[in-house]
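Heads up: the structure comes next, in structure tokens.
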Amino acid sequence: MELFLNIVSAFFIISGIFFFTVGVVGLIRMPDVFSRLHATTKADTLGAGLVVVGLAIQTGFSRVTVGLFMVLAFVWLTNPTAAHTLAKAQYTRKHRGESDD
Amino acid sequence: MSTFIVFCATALVILSFASLWRAFVGPSVADRVAAINVVSIKVTTLILLLSVAFETTSYISVALVYAMIAFVATLGVAKYLTKGALD
């Protein structure tokens, strides 16, 4: 049972790191600000969720798990909000004609 | 298992340095802020990984505060880009 839980936890953590890698590749390779935000935000949000689920399987049900899911809830609330606000700011600048790219 | 978690944390550090490339060259301000946002999400996850690997519970609060600081910094830069002032 211990080995099984370790394998499931390692699978979740490696999947999370895979999605982080996809986000970084999108951040480096995409041609535009909006497509870069589009690539990174979703991949990072999913990657953080997968890593936290893997760690929660590792720790079992305790106070640590509650803290892990609090951080996860905060990241899931704030990361899309930050990306949306940044994209809106860049869009406003672009249509005022003072964009710098 | 602890060795595996530290190995994954090393992978996250390498990815963070790869994201710093976009913060260095990125043509517009929003590119740089997006890259720093990506780095901050990775560092938050990294602190969580290290707290489980070293079994130090208090690092989880550090991760929460780091996520809050990154969010407020992104909102501040976005507001400055939109209005031209921070009042």
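Residue numbering restarts at 1 in every chain; chains get A, B, ... in the order shown in the structure tokens, and ligands count up from 1 in that same order.
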
Shell of 12 Å around Ile47 of chain B, only C-alpha atoms, local chain residues under 5 positions omitted, as a ChimeraX atom specification: /A:48,51-52,55,68,71 /B:5-6,8-10,12-13,40-42,52-67

Interface residues on chain B facing chain A, 6 Å, only C-alpha atoms, written as JSON, numbers by chain: {"B": [27, 28, 31, 64, 78, 81, 82]}

Among listed residues B:Ile36, B:Leu46, B:Ile69, B:Val29, nearest Ile14 of chain B (using only C-alpha atoms): B:Leu46
